[in-house]
file final36.txt (compact mmCIF, C-alpha atoms)
# COMPACT_ATOMS: atom_id res chain seq x y z
CA MET A 44 100.57 108.99 92.48
CA LYS A 45 101.00 105.30 93.17
CA LYS A 46 98.29 103.10 91.70
CA ILE A 47 97.43 99.44 92.08
CA GLY A 48 97.43 97.37 88.92
CA LYS A 49 99.84 97.52 86.01
CA HIS A 50 101.69 100.44 87.62
CA LEU A 51 102.52 98.65 90.87
CA PHE A 52 104.15 95.26 91.39
CA VAL A 53 103.86 93.89 94.90
CA LEU A 54 106.61 91.49 95.94
CA THR A 55 105.02 88.68 97.91
CA THR A 56 107.56 85.83 97.95
CA LEU A 57 109.41 85.76 101.25
CA SER A 58 112.43 84.04 99.72
CA LEU A 59 112.77 86.97 97.33
CA ILE A 60 112.44 89.41 100.21
CA LEU A 61 115.40 87.80 101.92
CA SER A 62 117.64 87.72 98.85
CA ALA A 63 116.32 90.64 96.88
CA CYS A 64 119.26 93.00 96.72
CA SER A 65 121.04 91.52 93.73
CA THR A 66 119.38 88.25 92.79
CA PHE A 67 116.08 89.17 91.14
CA PHE A 68 117.04 87.43 87.92
CA ASP A 69 118.67 84.39 89.55
CA LYS A 70 117.18 81.19 90.85
CA ASP A 71 116.06 81.20 94.45
CA ASN A 72 119.25 81.27 96.49
CA THR A 73 117.74 82.05 99.86
CA PRO A 74 120.24 80.86 102.49
CA PRO A 75 119.10 77.99 104.72
CA PRO A 76 118.14 78.93 108.27
CA ALA A 77 121.02 78.83 110.72
CA GLN A 78 121.23 75.72 112.86
CA LEU A 79 120.30 76.38 116.45
CA VAL A 80 123.38 76.69 118.64
CA LYS A 81 123.29 74.92 122.00
CA PHE A 82 123.83 77.04 125.08
CA LYS A 83 123.27 76.84 128.83
CA SER A 84 119.84 78.21 129.64
CA GLU A 85 119.87 81.01 132.21
CA LEU A 86 116.12 81.60 132.36
CA ASN A 87 113.24 79.36 133.35
CA VAL A 88 110.52 80.13 130.80
CA ARG A 89 107.09 78.65 131.57
CA ASN A 90 104.06 78.28 129.33
CA SER A 91 100.98 79.58 131.20
CA TRP A 92 98.44 78.55 128.56
CA TYR A 93 98.10 77.62 124.90
CA SER A 94 94.86 78.08 122.97
CA SER A 95 93.55 77.84 119.41
CA THR A 96 91.92 81.10 118.35
CA GLY A 97 91.22 80.49 114.66
CA ALA A 98 92.83 79.55 111.36
CA GLY A 99 95.76 81.97 111.53
CA ILE A 100 97.30 83.40 108.38
CA ASP A 101 97.15 80.35 106.12
CA ASN A 102 100.14 80.54 103.72
CA ASP A 103 100.22 84.32 103.52
CA TYR A 104 102.91 86.56 105.01
CA LEU A 105 100.80 88.66 107.37
CA LYS A 106 101.88 90.25 110.64
CA LEU A 107 98.50 89.90 112.39
CA THR A 108 99.79 90.98 115.78
CA PRO A 109 97.41 90.49 118.74
CA SER A 110 96.25 93.39 120.89
CA ILE A 111 95.19 93.67 124.53
CA SER A 112 92.49 95.71 126.22
CA GLY A 113 91.81 95.25 129.91
CA SER A 114 91.67 91.53 130.68
CA THR A 115 91.13 90.45 127.07
CA ILE A 116 93.52 89.62 124.23
CA PHE A 117 92.25 89.85 120.65
CA THR A 118 93.48 88.01 117.56
CA ALA A 119 92.49 87.86 113.91
CA SER A 120 92.74 85.16 111.25
CA ARG A 121 92.97 85.68 107.53
CA ASN A 122 89.70 83.80 107.00
CA GLY A 123 87.82 86.61 108.75
CA THR A 124 87.72 85.30 112.31
CA VAL A 125 88.24 87.74 115.16
CA ALA A 126 88.67 86.07 118.56
CA ALA A 127 88.70 87.26 122.16
CA ASN A 128 90.44 85.28 124.90
CA ASP A 129 90.95 85.89 128.59
CA LYS A 130 94.57 87.02 128.88
CA VAL A 131 95.08 85.29 132.26
CA THR A 132 93.59 81.87 131.53
CA GLY A 133 93.47 81.74 127.74
CA LYS A 134 89.77 80.85 127.88
CA SER A 135 87.81 81.68 124.72
CA LEU A 136 85.32 84.49 125.32
CA TRP A 137 83.88 84.82 121.82
CA ARG A 138 84.61 84.42 118.11
CA ALA A 139 83.10 86.39 115.26
CA ASN A 140 83.55 86.33 111.50
CA VAL A 141 83.54 89.56 109.51
CA ASN A 142 83.02 87.78 106.15
CA SER A 143 86.13 89.33 104.61
CA ALA A 144 89.77 88.28 104.47
CA ILE A 145 91.57 90.04 107.32
CA THR A 146 95.01 91.35 106.38
CA GLY A 147 95.51 94.12 108.95
CA GLY A 148 94.75 94.06 112.66
CA THR A 149 94.01 93.87 115.50
CA SER A 150 94.05 97.08 117.54
CA THR A 151 91.83 98.36 120.34
CA TYR A 152 90.52 101.55 121.86
CA ASN A 153 87.75 102.04 124.42
CA ASN A 154 85.06 99.43 123.69
CA ALA A 155 86.09 98.58 120.12
CA VAL A 156 88.52 96.26 118.38
CA TYR A 157 89.56 97.12 114.82
CA VAL A 158 90.77 95.09 111.84
CA GLY A 159 91.57 95.83 108.20
CA THR A 160 90.69 93.65 105.23
CA SER A 161 92.01 92.65 101.83
CA ASP A 162 89.15 94.48 100.12
CA GLY A 163 89.97 97.74 101.89
CA GLN A 164 87.50 97.78 104.75
CA VAL A 165 88.07 98.96 108.29
CA ILE A 166 85.77 97.04 110.63
CA ALA A 167 85.01 97.98 114.22
CA LEU A 168 83.70 95.26 116.54
CA ASN A 169 82.36 95.45 120.07
CA GLN A 170 84.99 94.16 122.50
CA ALA A 171 82.33 92.60 124.72
CA ASP A 172 80.73 90.24 122.21
CA GLY A 173 82.21 90.70 118.72
CA THR A 174 79.18 92.33 117.14
CA VAL A 175 80.06 94.68 114.28
CA LEU A 176 79.77 98.35 115.25
CA TRP A 177 80.51 99.74 111.81
CA LYS A 178 82.34 99.15 108.55
CA ALA A 179 84.05 101.75 106.37
CA ASN A 180 85.91 101.66 103.07
CA THR A 181 89.45 102.69 102.23
CA THR A 182 90.91 102.68 98.73
CA SER A 183 92.75 99.31 98.70
CA GLU A 184 94.07 96.41 100.79
CA ILE A 185 95.10 97.16 104.37
CA LEU A 186 98.26 95.32 105.51
CA ALA A 187 98.79 96.95 108.90
CA SER A 188 96.67 97.44 111.98
CA PRO A 189 94.30 100.40 112.04
CA VAL A 190 94.97 102.68 115.02
CA ALA A 191 92.53 104.72 117.05
CA ASN A 192 91.97 107.35 119.70
CA ARG A 193 88.67 108.56 121.08
CA ASN A 194 87.89 110.65 117.99
CA ALA A 195 89.44 108.95 114.98
CA VAL A 196 90.49 105.62 113.50
CA LEU A 197 93.38 105.72 111.01
CA ALA A 198 94.15 103.09 108.40
CA LYS A 199 96.93 103.03 105.80
CA SER A 200 96.23 101.10 102.61
CA ILE A 201 98.71 99.54 100.21
CA ASP A 202 98.21 102.23 97.56
CA GLY A 203 99.63 104.95 99.82
CA HIS A 204 96.41 106.40 101.22
CA VAL A 205 95.90 107.21 104.89
CA ARG A 206 92.24 107.63 105.75
CA ALA A 207 90.77 108.83 109.05
CA PHE A 208 87.33 107.70 110.14
CA SER A 209 85.06 108.79 112.95
CA ALA A 210 85.49 106.44 115.90
CA THR A 211 81.76 106.81 116.55
CA ASP A 212 80.24 105.69 113.25
CA GLY A 213 83.04 105.27 110.69
CA HIS A 214 82.31 108.25 108.45
CA VAL A 215 85.36 109.67 106.65
CA LEU A 216 87.06 112.60 108.38
CA TRP A 217 89.96 113.15 105.98
CA ASN A 218 92.26 111.46 103.48
CA TYR A 219 95.98 111.82 102.80
CA GLN A 220 97.87 110.30 99.87
CA GLU A 221 101.57 109.61 99.51
CA GLU A 222 103.02 111.07 96.33
CA ALA A 223 105.77 109.66 94.09
CA GLY A 224 105.34 106.07 95.19
CA PRO A 225 107.67 103.37 93.81
CA SER A 226 106.68 100.87 91.11
CA LEU A 227 107.74 97.87 93.21
CA ILE A 228 107.01 97.32 96.89
CA LEU A 229 107.08 94.55 99.46
CA ARG A 230 103.72 93.07 100.33
CA GLY A 231 103.60 94.51 103.78
CA GLY A 232 102.87 97.70 105.61
CA SER A 233 103.55 99.67 108.76
CA ALA A 234 100.84 101.02 111.01
CA PRO A 235 100.44 104.74 111.72
CA GLN A 236 101.64 105.76 115.18
CA LEU A 237 99.69 108.25 117.27
CA ALA A 238 101.26 111.03 119.35
CA SER A 239 98.96 113.50 121.08
CA ASP A 240 97.25 115.45 118.29
CA SER A 241 99.25 113.96 115.40
CA ALA A 242 100.10 110.73 113.60
CA VAL A 243 103.43 109.53 112.20
CA VAL A 244 103.18 107.35 109.10
CA GLY A 245 105.84 105.46 107.14
CA PHE A 246 105.48 104.88 103.41
CA GLU A 247 106.85 102.59 100.72
CA ASN A 248 109.06 105.34 99.25
CA GLY A 249 111.09 105.47 102.48
CA SER A 250 109.47 108.67 103.73
CA LEU A 251 108.15 109.32 107.21
CA VAL A 252 105.32 111.85 107.45
CA LYS A 253 103.73 113.57 110.44
CA LEU A 254 100.06 114.45 109.99
CA SER A 255 97.67 116.46 112.15
CA LEU A 256 94.83 114.32 113.48
CA SER A 257 92.34 117.16 113.17
CA GLY A 258 92.48 117.40 109.38
CA GLY A 259 95.32 115.32 107.99
CA ARG A 260 97.54 118.32 107.30
CA GLU A 261 101.19 117.41 106.65
CA GLN A 262 103.38 118.87 109.40
CA TRP A 263 106.67 117.48 108.14
CA GLN A 264 108.08 114.84 105.82
CA THR A 265 111.53 113.25 106.08
CA ALA A 266 113.22 110.70 103.83
CA VAL A 267 114.56 107.99 106.14
CA ALA A 268 116.40 106.43 103.18
CA GLU A 269 117.02 107.16 99.51
CA PRO A 270 116.72 104.46 96.82
CA GLN A 271 119.97 103.01 95.48
CA GLY A 272 120.81 100.84 92.47
CA ILE A 273 119.64 100.38 88.87
CA PHE A 274 116.84 97.85 89.12
CA ALA A 275 113.50 98.49 90.80
CA ILE A 276 114.06 95.61 93.19
CA GLN A 277 117.32 97.19 94.35
CA ARG A 278 115.56 100.52 94.92
CA MET A 279 112.93 99.17 97.33
CA ILE A 280 113.08 101.10 100.60
CA ASP A 281 109.69 100.34 102.12
CA ILE A 282 108.93 101.28 105.73
CA ASP A 283 107.22 98.01 106.67
CA ALA A 284 108.40 97.85 110.28
CA ASP A 285 106.12 99.97 112.47
CA PRO A 286 107.86 103.21 113.48
CA ILE A 287 107.94 103.76 117.24
CA ILE A 288 107.57 106.96 119.24
CA VAL A 289 109.51 107.22 122.50
CA GLY A 290 109.19 110.54 124.25
CA ASN A 291 110.13 113.31 121.82
CA ARG A 292 111.76 110.98 119.29
CA VAL A 293 110.63 108.78 116.43
CA TYR A 294 112.57 105.69 115.33
CA ALA A 295 111.99 104.22 111.89
CA ALA A 296 113.69 101.64 109.66
CA THR A 297 113.43 100.84 105.97
CA TYR A 298 114.05 97.81 103.83
CA GLN A 299 117.45 98.09 102.07
CA GLY A 300 118.02 101.46 103.70
CA ARG A 301 118.57 102.77 107.20
CA ILE A 302 117.33 103.02 110.73
CA ALA A 303 117.05 106.59 111.92
CA ALA A 304 116.16 108.57 115.02
CA LEU A 305 114.21 111.76 114.34
CA HIS A 306 112.89 114.66 116.39
CA LEU A 307 109.13 114.22 116.72
CA ALA A 308 108.54 117.97 116.62
CA ASN A 309 110.20 118.71 113.27
CA GLY A 310 111.42 115.47 111.69
CA GLN A 311 115.08 116.44 111.88
CA GLU A 312 117.45 113.49 111.92
CA ILE A 313 119.45 112.80 115.10
CA TRP A 314 121.35 109.69 114.02
CA ASN A 315 121.17 106.87 111.47
CA HIS A 316 122.69 103.50 110.57
CA ASP A 317 122.62 101.52 107.34
CA ILE A 318 120.32 98.55 107.86
CA SER A 319 117.60 96.60 106.07
CA SER A 320 114.51 95.75 108.08
CA PHE A 321 110.89 94.86 107.42
CA SER A 322 109.89 93.08 110.63
CA GLY A 323 110.13 95.39 113.63
CA ILE A 324 111.66 97.83 116.11
CA ALA A 325 111.36 98.07 119.89
CA SER A 326 112.83 100.25 122.63
CA ASP A 327 113.27 100.19 126.39
CA GLY A 328 114.08 103.91 126.46
CA ASP A 329 117.84 103.45 126.70
CA ASN A 330 118.25 101.25 123.64
CA VAL A 331 116.57 100.64 120.30
CA PHE A 332 116.35 97.04 119.11
CA VAL A 333 115.77 96.09 115.48
CA SER A 334 115.50 92.82 113.56
CA ASP A 335 117.08 93.08 110.12
CA ALA A 336 116.33 91.32 106.84
CA LYS A 337 119.08 88.74 107.46
CA SER A 338 117.53 87.90 110.85
CA HIS A 339 120.30 89.59 112.79
CA LEU A 340 119.20 91.46 115.91
CA TYR A 341 120.82 94.81 116.75
CA ALA A 342 120.86 97.04 119.80
CA PHE A 343 121.59 100.74 119.34
CA ASN A 344 122.05 103.39 122.00
CA SER A 345 118.89 105.49 121.70
CA SER A 346 120.67 108.78 122.44
CA ASN A 347 123.53 108.70 119.95
CA GLY A 348 122.96 105.60 117.80
CA THR A 349 126.08 103.73 118.92
CA GLU A 350 125.81 100.03 118.11
CA ASP A 351 125.91 98.23 121.45
CA TRP A 352 125.74 94.67 120.12
CA GLN A 353 124.68 92.44 117.27
CA GLN A 354 123.23 88.92 117.59
CA ASP A 355 123.73 86.95 114.36
CA GLU A 356 123.15 83.34 115.47
CA LEU A 357 119.62 83.38 114.02
CA GLU A 358 120.60 84.26 110.45
CA ALA A 359 117.97 83.41 107.82
CA ARG A 360 115.52 82.08 110.42
CA VAL A 361 113.07 84.88 109.44
CA ILE A 362 112.80 86.35 112.91
CA THR A 363 109.96 88.57 114.05
CA GLY A 364 110.29 92.06 115.33
CA PRO A 365 111.69 92.24 118.88
CA ALA A 366 109.66 92.42 122.07
CA VAL A 367 111.19 93.81 125.26
CA ILE A 368 110.29 92.11 128.53
CA SER A 369 112.17 92.97 131.73
CA ASN A 370 115.90 92.50 131.02
CA TYR A 371 115.36 90.52 127.83
CA VAL A 372 114.55 90.87 124.16
CA VAL A 373 112.44 88.13 122.57
CA VAL A 374 112.00 87.26 118.90
CA GLY A 375 110.11 84.41 117.25
CA ASP A 376 111.14 82.59 114.09
CA ALA A 377 109.65 80.82 111.08
CA GLU A 378 110.24 77.38 112.62
CA GLY A 379 108.19 78.19 115.72
CA TYR A 380 110.86 79.02 118.31
CA LEU A 381 111.03 81.93 120.73
CA HIS A 382 114.57 83.19 121.42
CA TRP A 383 115.18 85.01 124.69
CA ILE A 384 118.20 87.34 124.56
CA ASP A 385 119.93 89.37 127.27
CA LYS A 386 119.34 92.98 126.31
CA GLN A 387 122.61 94.15 127.90
CA ASP A 388 125.02 92.23 125.68
CA GLY A 389 122.92 90.18 123.22
CA HIS A 390 123.73 86.65 124.39
CA MET A 391 121.12 83.90 124.35
CA VAL A 392 119.54 83.05 127.70
CA ALA A 393 116.61 80.77 126.78
CA ARG A 394 114.81 79.12 123.90
CA THR A 395 111.18 78.01 123.77
CA PHE A 396 109.40 75.96 121.11
CA VAL A 397 105.81 77.09 120.49
CA ASN A 398 104.67 75.05 117.48
CA LYS A 399 105.91 73.99 114.06
CA SER A 400 103.69 76.33 112.03
CA GLY A 401 106.06 79.21 112.79
CA ILE A 402 105.78 82.77 114.07
CA ILE A 403 105.53 85.93 111.97
CA ALA A 404 103.72 88.35 114.29
CA THR A 405 105.92 90.15 116.80
CA PRO A 406 105.26 88.89 120.36
CA ILE A 407 103.56 91.36 122.67
CA VAL A 408 104.14 92.03 126.37
CA ASP A 409 101.65 92.93 129.08
CA HIS A 410 102.42 93.03 132.82
CA ASN A 411 105.61 90.98 132.33
CA ILE A 412 103.78 88.22 130.45
CA LEU A 413 104.77 87.50 126.85
CA TYR A 414 102.08 86.54 124.35
CA VAL A 415 102.85 84.97 120.98
CA TYR A 416 100.56 84.24 118.03
CA THR A 417 101.50 81.47 115.61
CA LYS A 418 100.87 81.16 111.89
CA ASP A 419 98.21 78.48 112.44
CA GLY A 420 96.20 80.61 114.85
CA HIS A 421 97.42 79.40 118.25
CA LEU A 422 97.96 81.91 121.03
CA ALA A 423 100.29 81.21 123.94
CA ALA A 424 101.32 83.03 127.11
CA TYR A 425 104.74 82.76 128.79
CA THR A 426 106.17 83.83 132.11
CA PHE A 427 109.74 83.43 133.36
CA ALA A 428 111.83 83.25 136.48
call {"tool": "encode", "arguments": {"input": "final36.txt", "output": "structure tokens"}}
result
Amino acid sequence: MKKIGKHLFVLTTLSLILSACSTFFDKDNTPPPAQLVKFKSELNVRNSWYSSTGAGIDNDYLKLTPSISGSTIFTASRNGTVAANDKVTGKSLWRANVNSAITGGTSTYNNAVYVGTSDGQVIALNQADGTVLWKANTTSEILASPVANRNAVLAKSIDGHVRAFSATDGHVLWNYQEEAGPSLILRGGSAPQLASDSAVVGFENGSLVKLSLSGGREQWQTAVAEPQGIFAIQRMIDIDADPIIVGNRVYAATYQGRIAALHLANGQEIWNHDISSFSGIASDGDNVFVSDAKSHLYAFNSSNGTEDWQQDELEARVITGPAVISNYVVVGDAEGYLHWIDKQDGHMVARTFVNKSGIIATPIVDHNILYVYTKDGHLAAYTFA
């Protein structure tokens, strides 16, 4: 059983994340971010609106990705602020403070918006006005968005627990705990993914588990990657990029491990590639896109895993997970740029500067509009022609 405290060391320094494989005992040798290469823009990207929603993530590495419900987009700041903005105009609708440091969120279902906190709380707020509907406790810090359906809200905490709560009042429905957790992990986490009557969850030991939503029973468990090397830092294979479910397949990637396609029904592997990722995966059905730990972007054929292309011009720029919009893939970077990439062959088609605080959260797409949330709490919407 994995425990917080002297038994678990959480790696928080991003420079170590990027150079961890063999340099734990060396001075920081993180490579400098690649210089931006000039190219002829092929896409007219327009900023629709730009709005401050709160304090953002401060100096922490948190992927506080926004979420959308109806005509409203929700964001969270580490200082406890949850904000609602009109997704068309950017106008502020309300702000509320939950009086806890938010480290996981936001997500929505029906009339509620959910966040997770550093002290292990799941908090449900009313989407209409931000009033707190209920609060419930997990076992430790939550570093990924809770997820919900009409019956249950699931949250994964950093100590390997997955806890399900009643969507009505927050009482505990069931609890599942990962076994044989590693002694060293990245300070990050992937969110559970819901599929009909089950949930797929990735853990810090590189395992992907499918659980029944009715009682948390394990339906299958598959090791996406196996630890390699002598030192604990070399053996880190966390699943920190959210797995994705597309039809009857699950795609998952680990740090210092692999990306794999699995059958949703039984967890059997269909294909895999060696890769190291902690930021994100996306798919358009035909292809799977993944940002790796070196800030290279890959496209794989979703059926057989063939590598279609690799974009390496953004090396060491700490890119976000990819977002798919129309014929393009978009990633943000730590210097505040959005990079628009042709999803057919991987070449750059446009570049947009958002702000200098940088971007960690993966952009999200709704009705062919791209929304991006910056480290300092600004939210922006982009269209293109």
call {"tool": "atom_distance", "arguments": {"input": "final36.txt", "atom1": "atom CA of Asp317 of chain A", "atom2": "atom CA of Val289 of chain A"}}
result
20.8 Å
call {"tool": "residues_around", "arguments": {"input": "final36.txt", "residues": "segment 180-194 of chain A", "least_positions_apart": "5", "cutoff": "6 Å", "atoms": "only C-alpha atoms", "output": "ChimeraX atom specification"}}
result
/A:146-149,159-164,200-201,210,231-234
call {"tool": "write_last_selection", "arguments": {"input": "final36.txt", "atoms": "C-alpha atoms", "output": "PDB file, in the frame of the given file"}}
result
ATOM      1  CA  THR A 146      95.010  91.350 106.380  1.00  0.00           C
ATOM      2  CA  GLY A 147      95.510  94.120 108.950  1.00  0.00           C
ATOM      3  CA  GLY A 148      94.750  94.060 112.660  1.00  0.00           C
ATOM      4  CA  THR A 149      94.010  93.870 115.500  1.00  0.00           C
ATOM      5  CA  GLY A 159      91.570  95.830 108.200  1.00  0.00           C
ATOM      6  CA  THR A 160      90.690  93.650 105.230  1.00  0.00           C
ATOM      7  CA  SER A 161      92.010  92.650 101.830  1.00  0.00           C
ATOM      8  CA  ASP A 162      89.150  94.480 100.120  1.00  0.00           C
ATOM      9  CA  GLY A 163      89.970  97.740 101.890  1.00  0.00           C
ATOM     10  CA  GLN A 164      87.500  97.780 104.750  1.00  0.00           C
ATOM     11  CA  SER A 200      96.230 101.100 102.610  1.00  0.00           C
ATOM     12  CA  ILE A 201      98.710  99.540 100.210  1.00  0.00           C
ATOM     13  CA  ALA A 210      85.490 106.440 115.900  1.00  0.00           C
ATOM     14  CA  GLY A 231     103.600  94.510 103.780  1.00  0.00           C
ATOM     15  CA  GLY A 232     102.870  97.700 105.610  1.00  0.00           C
ATOM     16  CA  SER A 233     103.550  99.670 108.760  1.00  0.00           C
ATOM     17  CA  ALA A 234     100.840 101.020 111.010  1.00  0.00           C
TER      18      ALA A 234
END
call {"tool": "residues_around", "arguments": {"input": "final36.txt", "residues": "segment 378-389 of chain A", "least_positions_apart": "2", "cutoff": "8 Å", "atoms": "only C-alpha atoms", "output": "JSON, numbers by chain"}}
result
{"A": [342, 351, 352, 353, 354, 360, 370, 371, 372, 373, 374, 375, 376, 391, 392, 393, 394, 395, 396, 397, 398, 399, 400, 401, 402, 417]}
call {"tool": "atom_distance", "arguments": {"input": "final36.txt", "atom1": "atom CA of Val333 of chain A", "atom2": "atom CA of Pro365 of chain A"}}
result
6.6 Å
call {"tool": "axis_aligned_box", "arguments": {"input": "final36.txt", "around": "segment 377-384 of chain A", "padding_each_side": "3 Å", "output": "AutoDock Vina command-line options"}}
result
--center_x 113.2 --center_y 82.4 --center_z 117.9 --size_x 16.0 --size_y 16.0 --size_z 19.6
call {"tool": "atom_distance", "arguments": {"input": "final36.txt", "atom1": "atom CA of Ala428 of chain A", "atom2": "atom CA of Thr363 of chain A"}}
result
23.1 Å
call {"tool": "closest_atom_pairs", "arguments": {"input": "final36.txt", "of": "segment 307-380 of chain A", "to": "segment 240-246 of chain A", "cutoff": "12 Å", "atoms": "all atoms listed in the file", "output": "JSON lines"}}
result
{"residue": "A:Leu307", "atom": "CA", "partner": "A:Val243", "partner_atom": "CA", "distance": 8.7}
{"residue": "A:Ala308", "atom": "CA", "partner": "A:Ser241", "partner_atom": "CA", "distance": 10.2}
{"residue": "A:Asn309", "atom": "CA", "partner": "A:Val243", "partner_atom": "CA", "distance": 11.5}
{"residue": "A:Gly310", "atom": "CA", "partner": "A:Val243", "partner_atom": "CA", "distance": 10.0}
{"residue": "A:Phe321", "atom": "CA", "partner": "A:Gly245", "partner_atom": "CA", "distance": 11.7}
call {"tool": "residues_around", "arguments": {"input": "final36.txt", "residues": "segment 335-338 of chain A", "least_positions_apart": "5", "cutoff": "12 Å", "atoms": "all atoms listed in the file", "output": "ChimeraX atom specification"}}
result
/A:57-64,73-77,283-284,296-302,316-324,353-365,374-377,382
call {"tool": "write_last_selection", "arguments": {"input": "final36.txt", "atoms": "C-alpha atoms", "output": "PDB file, in the coordinates of the input"}}
result
ATOM      1  CA  LEU A  57     109.410  85.760 101.250  1.00  0.00           C
ATOM      2  CA  SER A  58     112.430  84.040  99.720  1.00  0.00           C
ATOM      3  CA  LEU A  59     112.770  86.970  97.330  1.00  0.00           C
ATOM      4  CA  ILE A  60     112.440  89.410 100.210  1.00  0.00           C
ATOM      5  CA  LEU A  61     115.400  87.800 101.920  1.00  0.00           C
ATOM      6  CA  SER A  62     117.640  87.720  98.850  1.00  0.00           C
ATOM      7  CA  ALA A  63     116.320  90.640  96.880  1.00  0.00           C
ATOM      8  CA  CYS A  64     119.260  93.000  96.720  1.00  0.00           C
ATOM      9  CA  THR A  73     117.740  82.050  99.860  1.00  0.00           C
ATOM     10  CA  PRO A  74     120.240  80.860 102.490  1.00  0.00           C
ATOM     11  CA  PRO A  75     119.100  77.990 104.720  1.00  0.00           C
ATOM     12  CA  PRO A  76     118.140  78.930 108.270  1.00  0.00           C
ATOM     13  CA  ALA A  77     121.020  78.830 110.720  1.00  0.00           C
ATOM     14  CA  ASP A 283     107.220  98.010 106.670  1.00  0.00           C
ATOM     15  CA  ALA A 284     108.400  97.850 110.280  1.00  0.00           C
ATOM     16  CA  ALA A 296     113.690 101.640 109.660  1.00  0.00           C
ATOM     17  CA  THR A 297     113.430 100.840 105.970  1.00  0.00           C
ATOM     18  CA  TYR A 298     114.050  97.810 103.830  1.00  0.00           C
ATOM     19  CA  GLN A 299     117.450  98.090 102.070  1.00  0.00           C
ATOM     20  CA  GLY A 300     118.020 101.460 103.700  1.00  0.00           C
ATOM     21  CA  ARG A 301     118.570 102.770 107.200  1.00  0.00           C
ATOM     22  CA  ILE A 302     117.330 103.020 110.730  1.00  0.00           C
ATOM     23  CA  HIS A 316     122.690 103.500 110.570  1.00  0.00           C
ATOM     24  CA  ASP A 317     122.620 101.520 107.340  1.00  0.00           C
ATOM     25  CA  ILE A 318     120.320  98.550 107.860  1.00  0.00           C
ATOM     26  CA  SER A 319     117.600  96.600 106.070  1.00  0.00           C
ATOM     27  CA  SER A 320     114.510  95.750 108.080  1.00  0.00           C
ATOM     28  CA  PHE A 321     110.890  94.860 107.420  1.00  0.00           C
ATOM     29  CA  SER A 322     109.890  93.080 110.630  1.00  0.00           C
ATOM     30  CA  GLY A 323     110.130  95.390 113.630  1.00  0.00           C
ATOM     31  CA  ILE A 324     111.660  97.830 116.110  1.00  0.00           C
ATOM     32  CA  GLN A 353     124.680  92.440 117.270  1.00  0.00           C
ATOM     33  CA  GLN A 354     123.230  88.920 117.590  1.00  0.00           C
ATOM     34  CA  ASP A 355     123.730  86.950 114.360  1.00  0.00           C
ATOM     35  CA  GLU A 356     123.150  83.340 115.470  1.00  0.00           C
ATOM     36  CA  LEU A 357     119.620  83.380 114.020  1.00  0.00           C
ATOM     37  CA  GLU A 358     120.600  84.260 110.450  1.00  0.00           C
ATOM     38  CA  ALA A 359     117.970  83.410 107.820  1.00  0.00           C
ATOM     39  CA  ARG A 360     115.520  82.080 110.420  1.00  0.00           C
ATOM     40  CA  VAL A 361     113.070  84.880 109.440  1.00  0.00           C
ATOM     41  CA  ILE A 362     112.800  86.350 112.910  1.00  0.00           C
ATOM     42  CA  THR A 363     109.960  88.570 114.050  1.00  0.00           C
ATOM     43  CA  GLY A 364     110.290  92.060 115.330  1.00  0.00           C
ATOM     44  CA  PRO A 365     111.690  92.240 118.880  1.00  0.00           C
ATOM     45  CA  VAL A 374     112.000  87.260 118.900  1.00  0.00           C
ATOM     46  CA  GLY A 375     110.110  84.410 117.250  1.00  0.00           C
ATOM     47  CA  ASP A 376     111.140  82.590 114.090  1.00  0.00           C
ATOM     48  CA  ALA A 377     109.650  80.820 111.080  1.00  0.00           C
ATOM     49  CA  HIS A 382     114.570  83.190 121.420  1.00  0.00           C
TER      50      HIS A 382
END
call {"tool": "closest_residue", "arguments": {"input": "final36.txt", "among": "A:Lys130, A:His421, A:Lys199, A:His306", "to": "Ser91 of chain A", "atoms": "all atoms listed in the file"}}
result
A:Lys130
call {"tool": "residues_around", "arguments": {"input": "final36.txt", "residues": "Ser369 of chain A", "least_positions_apart": "4", "cutoff": "10 Å", "atoms": "only C-alpha atoms", "output": "PDB file with C-alpha atoms, in the frame of the given file"}}
result
ATOM      1  CA  ASP A 327     113.270 100.190 126.390  1.00  0.00           C
ATOM      2  CA  ASP A 385     119.930  89.370 127.270  1.00  0.00           C
ATOM      3  CA  LYS A 386     119.340  92.980 126.310  1.00  0.00           C
ATOM      4  CA  VAL A 408     104.140  92.030 126.370  1.00  0.00           C
ATOM      5  CA  HIS A 410     102.420  93.030 132.820  1.00  0.00           C
ATOM      6  CA  ASN A 411     105.610  90.980 132.330  1.00  0.00           C
ATOM      7  CA  ILE A 412     103.780  88.220 130.450  1.00  0.00           C
ATOM      8  CA  PHE A 427     109.740  83.430 133.360  1.00  0.00           C
TER       9      PHE A 427
END
call {"tool": "closest_residue", "arguments": {"input": "final36.txt", "among": "A:Ser345, A:Asn169, A:Trp314, A:Pro109", "to": "Gly328 of chain A", "atoms": "only C-alpha atoms"}}
result
A:Ser345
call {"tool": "residues_around", "arguments": {"input": "final36.txt", "residues": "Gly420 of chain A", "least_positions_apart": "6", "cutoff": "9 Å", "atoms": "only C-alpha atoms", "output": "PyMOL selection string"}}
result
chain A and resi 94-101+118-120
call {"tool": "decode", "arguments": {"input": "final36.txt", "residues": "segment 251-262 of chain A", "atoms": "C-alpha atoms", "output": "mmCIF file, in the first residue's frame"}}
result
data_model
loop_
_atom_site.group_PDB
_atom_site.id
_atom_site.type_symbol
_atom_site.label_atom_id
_atom_site.label_comp_id
_atom_site.auth_asym_id
_atom_site.auth_seq_id
_atom_site.Cartn_x
_atom_site.Cartn_y
_atom_site.Cartn_z
ATOM 1 C CA LEU A 251 -4.637 1.009 -15.874
ATOM 2 C CA VAL A 252 -7.659 -0.351 -14.007
ATOM 3 C CA LYS A 253 -11.306 -0.668 -15.011
ATOM 4 C CA LEU A 254 -13.769 -0.421 -12.125
ATOM 5 C CA SER A 255 -17.527 -0.952 -11.966
ATOM 6 C CA LEU A 256 -19.374 2.233 -11.059
ATOM 7 C CA SER A 257 -21.939 0.347 -9.007
ATOM 8 C CA GLY A 258 -19.514 -0.871 -6.349
ATOM 9 C CA GLY A 259 -15.929 -0.217 -7.380
ATOM 10 C CA ARG A 260 -15.247 -3.841 -8.291
ATOM 11 C CA GLU A 261 -12.084 -4.329 -10.359
ATOM 12 C CA GLN A 262 -13.005 -5.659 -13.805
#
